[in-house]
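Coordinates as given in upload_33.pdb (PDB, C-alpha atoms, pLDDT in the B column):
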```pdb
ATOM      1  CA  LYS J   1       0.000   0.000   0.000  1.00 74.00           C
ATOM      2  CA  GLU J   2       2.751   2.435   0.974  1.00 78.00           C
ATOM      3  CA  ALA J   3       4.802   1.561  -2.105  1.00 84.00           C
ATOM      4  CA  ARG J   4       1.766   2.151  -4.346  1.00 82.00           C
ATOM      5  CA  GLY J   5       1.227   5.524  -2.689  1.00 75.00           C
ATOM      6  CA  LYS J   6       4.821   6.544  -3.398  1.00 74.00           C
ATOM      7  CA  GLU J   7       4.485   5.333  -6.987  1.00 75.00           C
ATOM      8  CA  LEU J   8       1.334   7.416  -7.519  1.00 72.00           C
ATOM      9  CA  LYS J   9       2.995  10.423  -5.914  1.00 67.00           C
ATOM     10  CA  GLU J  10       5.844  10.211  -8.423  1.00 69.00           C
ATOM     11  CA  ILE J  11       3.385  10.018 -11.310  1.00 66.00           C
ATOM     12  CA  TYR J  12       1.013  12.770 -10.223  1.00 65.00           C
ATOM     13  CA  ASN J  13       3.154  14.919  -7.964  1.00 65.00           C
ATOM     14  CA  ALA J  14       6.709  14.782  -9.133  1.00 61.00           C
ATOM     15  CA  ASP J  15       8.922  17.278  -7.349  1.00 61.00           C
ATOM     16  CA  ARG J  16       9.992  20.151  -9.524  1.00 61.00           C
ATOM     17  CA  GLU J  17      13.355  20.337 -11.222  1.00 63.00           C
ATOM     18  CA  ASP J  18      14.399  23.154  -8.890  1.00 65.00           C
ATOM     19  CA  GLY J  19      13.989  20.752  -5.926  1.00 61.00           C
ATOM     20  CA  SER J  20      10.793  22.296  -4.578  1.00 66.00           C
ATOM     21  CA  ALA J  21       7.795  20.145  -3.692  1.00 67.00           C
ATOM     22  CA  GLY J  22       4.964  19.562  -6.117  1.00 68.00           C
ATOM     23  CA  GLN J  23       1.562  21.138  -5.553  1.00 67.00           C
ATOM     24  CA  LEU J  24      -0.015  17.954  -4.150  1.00 67.00           C
ATOM     25  CA  THR J  25       2.668  17.813  -1.461  1.00 70.00           C
ATOM     26  CA  ILE J  26       2.010  21.443  -0.573  1.00 69.00           C
ATOM     27  CA  ASN J  27      -1.752  20.802  -0.450  1.00 70.00           C
ATOM     28  CA  GLU J  28      -1.287  17.687   1.681  1.00 68.00           C
ATOM     29  CA  GLN J  29       0.780  19.572   4.225  1.00 67.00           C
ATOM     30  CA  ALA J  30      -1.847  22.322   4.433  1.00 66.00           C
ATOM     31  CA  ILE J  31      -4.844  20.005   4.679  1.00 67.00           C
ATOM     32  CA  VAL J  32      -3.643  16.764   6.231  1.00 65.00           C
ATOM     33  CA  GLY J  33      -0.690  17.900   8.324  1.00 66.00           C
ATOM     34  CA  CYS J  34      -1.577  17.253  11.964  1.00 68.00           C
ATOM     35  CA  GLU J  35      -0.044  20.430  13.354  1.00 72.00           C
ATOM     36  CA  HIS J  36      -1.700  22.607  10.735  1.00 74.00           C
ATOM     37  CA  ARG J  37      -5.087  20.924  11.298  1.00 77.00           C
ATOM     38  CA  LEU J  38      -4.888  21.567  15.050  1.00 82.00           C
ATOM     39  CA  LEU J  39      -4.173  25.237  14.451  1.00 83.00           C
ATOM     40  CA  ARG J  40      -7.096  25.457  12.010  1.00 83.00           C
ATOM     41  CA  VAL J  41      -9.373  23.813  14.595  1.00 86.00           C
ATOM     42  CA  LEU J  42      -8.268  26.306  17.242  1.00 89.00           C
ATOM     43  CA  TRP J  43      -8.853  29.181  14.837  1.00 89.00           C
ATOM     44  CA  MET J  44     -12.369  27.913  14.047  1.00 91.00           C
ATOM     45  CA  ILE J  45     -13.164  27.557  17.758  1.00 91.00           C
ATOM     46  CA  THR J  46     -11.928  31.098  18.382  1.00 90.00           C
ATOM     47  CA  VAL J  47     -14.088  32.460  15.572  1.00 90.00           C
ATOM     48  CA  THR J  48     -17.287  30.511  16.294  1.00 91.00           C
ATOM     49  CA  GLN J  49     -17.013  30.340  20.114  1.00 90.00           C
ATOM     50  CA  PRO J  50     -19.136  27.195  20.609  1.00 90.00           C
ATOM     51  CA  ASP J  51     -20.519  26.383  24.058  1.00 89.00           C
ATOM     52  CA  ILE J  52     -19.455  22.744  23.932  1.00 87.00           C
ATOM     53  CA  ILE J  53     -16.550  21.188  22.055  1.00 87.00           C
ATOM     54  CA  ALA J  54     -16.058  17.460  21.445  1.00 85.00           C
ATOM     55  CA  PHE J  55     -13.040  16.038  19.668  1.00 82.00           C
ATOM     56  CA  GLN J  56     -12.509  12.763  17.892  1.00 75.00           C
ATOM     57  CA  GLU J  57      -9.096  11.375  16.949  1.00 69.00           C
ATOM     58  CA  LEU J  58      -7.333  13.829  19.262  1.00 72.00           C
ATOM     59  CA  ASP J  59      -3.922  12.625  20.332  1.00 69.00           C
ATOM     60  CA  ASN J  60      -2.559  15.868  21.790  1.00 76.00           C
ATOM     61  CA  PHE J  61      -4.815  16.443  24.787  1.00 79.00           C
ATOM     62  CA  GLU J  62      -2.289  18.394  26.862  1.00 80.00           C
ATOM     63  CA  PHE J  63      -1.595  20.783  23.978  1.00 84.00           C
ATOM     64  CA  MET J  64      -5.285  21.329  23.276  1.00 84.00           C
ATOM     65  CA  LYS J  65      -6.091  21.733  26.970  1.00 84.00           C
ATOM     66  CA  GLU J  66      -3.460  24.470  27.264  1.00 87.00           C
ATOM     67  CA  GLU J  67      -4.445  26.237  24.033  1.00 89.00           C
ATOM     68  CA  LEU J  68      -8.177  26.089  24.781  1.00 89.00           C
ATOM     69  CA  GLY J  69      -7.473  27.525  28.237  1.00 88.00           C
ATOM     70  CA  LYS J  70      -5.874  30.560  26.587  1.00 91.00           C
ATOM     71  CA  ILE J  71      -9.151  31.368  24.805  1.00 89.00           C
ATOM     72  CA  GLY J  72     -11.377  30.809  27.819  1.00 89.00           C
ATOM     73  CA  TYR J  73     -12.315  27.110  27.710  1.00 87.00           C
ATOM     74  CA  ALA J  74     -11.940  24.561  30.484  1.00 83.00           C
ATOM     75  CA  CYS J  75     -11.414  20.885  29.797  1.00 79.00           C
ATOM     76  CA  GLY J  76     -12.831  19.880  33.168  1.00 75.00           C
ATOM     77  CA  ARG J  77     -13.845  21.257  36.522  1.00 74.00           C
ATOM     78  CA  GLN J  78     -11.274  23.392  38.299  1.00 77.00           C
ATOM     79  CA  ASP J  79     -11.216  20.948  41.216  1.00 79.00           C
ATOM     80  CA  ALA J  80     -10.766  17.912  38.935  1.00 76.00           C
ATOM     81  CA  ALA J  81      -7.757  15.673  39.364  1.00 79.00           C
ATOM     82  CA  GLU J  82      -4.899  16.435  37.015  1.00 81.00           C
ATOM     83  CA  TYR J  83      -5.060  14.671  33.659  1.00 80.00           C
ATOM     84  CA  VAL J  84      -2.777  11.639  33.369  1.00 81.00           C
ATOM     85  CA  PRO J  85      -2.192  10.118  29.915  1.00 78.00           C
ATOM     86  CA  ILE J  86      -3.732   6.655  29.629  1.00 75.00           C
ATOM     87  CA  LYS J  87      -0.323   5.062  29.046  1.00 77.00           C
ATOM     88  CA  ASP J  88       0.815   6.342  32.464  1.00 84.00           C
ATOM     89  CA  ARG J  89      -2.257   5.243  34.437  1.00 84.00           C
ATOM     90  CA  SER J  90      -2.300   2.215  36.714  1.00 86.00           C
ATOM     91  CA  GLY J  91      -3.976  -0.954  35.542  1.00 86.00           C
ATOM     92  CA  GLU J  92      -3.205  -3.979  33.418  1.00 86.00           C
ATOM     93  CA  THR J  93      -5.932  -3.633  30.803  1.00 82.00           C
ATOM     94  CA  TYR J  94      -7.196  -0.723  28.752  1.00 77.00           C
ATOM     95  CA  GLY J  95     -10.465  -0.796  30.691  1.00 80.00           C
ATOM     96  CA  GLU J  96      -8.681  -0.622  34.043  1.00 84.00           C
ATOM     97  CA  ARG J  97      -6.537   2.289  32.850  1.00 81.00           C
ATOM     98  CA  LEU J  98      -9.618   4.068  31.516  1.00 78.00           C
ATOM     99  CA  ALA J  99     -11.453   3.612  34.827  1.00 81.00           C
ATOM    100  CA  ALA J 100      -8.450   4.941  36.783  1.00 82.00           C
ATOM    101  CA  SER J 101      -9.183   8.542  35.757  1.00 80.00           C
ATOM    102  CA  PRO J 102     -12.225  10.840  35.803  1.00 76.00           C
ATOM    103  CA  TRP J 103     -11.193  12.217  32.408  1.00 73.00           C
ATOM    104  CA  ALA J 104     -13.249  11.127  29.418  1.00 63.00           C
ATOM    105  CA  PHE J 105     -10.320  11.498  27.020  1.00 62.00           C
ATOM    106  CA  ALA J 106      -9.013   8.071  26.076  1.00 58.00           C
ATOM    107  CA  PRO J 107      -7.177   7.550  22.785  1.00 58.00           C
ATOM    108  CA  LYS J 108      -7.261   4.247  20.988  1.00 57.00           C
ATOM    109  CA  TRP J 109      -4.276   2.450  22.341  1.00 56.00           C
ATOM    110  CA  GLY J 110      -2.257   0.025  20.222  1.00 56.00           C
ATOM    111  CA  LYS J 111      -0.649  -2.606  22.445  1.00 56.00           C
ATOM    112  CA  LYS J 112       1.788  -3.600  19.715  1.00 58.00           C
ATOM    113  CA  ARG J 113       3.156  -0.074  19.387  1.00 59.00           C
ATOM    114  CA  GLY J 114       2.623   1.203  22.937  1.00 64.00           C
ATOM    115  CA  MET J 115       0.912   4.338  21.565  1.00 66.00           C
ATOM    116  CA  SER J 116      -2.232   5.345  19.738  1.00 65.00           C
ATOM    117  CA  THR J 117      -2.435   4.724  16.017  1.00 66.00           C
ATOM    118  CA  SER J 118      -2.518   8.443  15.196  1.00 66.00           C
ATOM    119  CA  ARG J 119       0.541   9.095  17.404  1.00 69.00           C
ATOM    120  CA  PHE J 120       2.373   6.214  15.675  1.00 72.00           C
ATOM    121  CA  PHE J 121       1.748   7.642  12.214  1.00 72.00           C
ATOM    122  CA  LEU J 122       2.546  11.211  13.324  1.00 73.00           C
ATOM    123  CA  GLU J 123       5.916  10.079  14.688  1.00 76.00           C
ATOM    124  CA  LYS J 124       6.561   7.946  11.614  1.00 77.00           C
ATOM    125  CA  ARG J 125       5.779  10.884   9.360  1.00 75.00           C
ATOM    126  CA  THR J 126       7.906  13.269  11.413  1.00 76.00           C
ATOM    127  CA  LYS J 127      10.900  10.896  11.256  1.00 78.00           C
ATOM    128  CA  ALA J 128      10.458  10.495   7.491  1.00 70.00           C
ATOM    129  CA  GLY J 129      10.533  14.262   7.042  1.00 59.00           C
TER     130      GLY J 129
END
```
Written as structure tokens, how would this file's structure read?
Amino acid sequence: KEARGKELKEIYNADREDGSAGQLTINEQAIVGCEHRLLRVLWMITVTQPDIIAFQELDNFEFMKEELGKIGYACGRQDAAEYVPIKDRSGETYGERLAASPWAFAPKWGKKRGMSTSRFFLEKRTKAG
């Protein structure tokens, strides 16, 4: 699958002769790039100011908690226990780790990789450049 993706990229998005990236690469970074998407989400929240925010596929809770706090949102009650990432919670199973915290945030956790699937691919992509 990955090899086919690289093959198609070469056909439809060959880098330019001057060494710069092709337009599809530029578009992908603007639309799919995790960091850019998070900033766009924060911008949209700032503009629309919703009363309630729910995230799916969020792997950067601490970052979002901090950034949302800067624009007036709270990710829990002020007297709530501090958030602890699920990988650092006590318990043998996913269910036990989930129950060990009052926080609803719980990323999908890949036992084989020791991290969520989205975190795995973000780190893989970051290492690849």
query = atom CA of J:Glu66 and atom CA of J:Pro50 are how many Å apart?
reply =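 Separation of atom CA of J:Glu66 and atom CA of J:Pro50: 17.2 Å.
The interatomic distance for the pair atom CA of J:Tyr83 and atom CA of J:Lys65 works out to 9.8 Å.
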query = Residues around (-18.2, 24.5, 24.8), cut-off 10 Å, counting only C-alpha atoms - what are they as a PyMOL selection string?
reply = chain J and resi 45+49-54+72-75
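Picture a line from atom CA of J:Met44 to atom CA of J:Asn27; it runs 19.3 Å.
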inquiry  = Under the rule that only C-alpha atoms are counted, which of J:Gly95, J:Glu67, J:Phe55, J:Gly76 is the nearest residue to J:Leu42?
reply    =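 Smallest separation from J:Leu42 among the options: J:Glu67.
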8 Å per side around stretch 88-95 of chain J: axis-aligned box centre and edge lengths, as JSON:
```
{"center_x": -4.8, "center_y": 1.2, "center_z": 32.7, "size_x": 27.3, "size_y": 26.3, "size_z": 24.0}
```
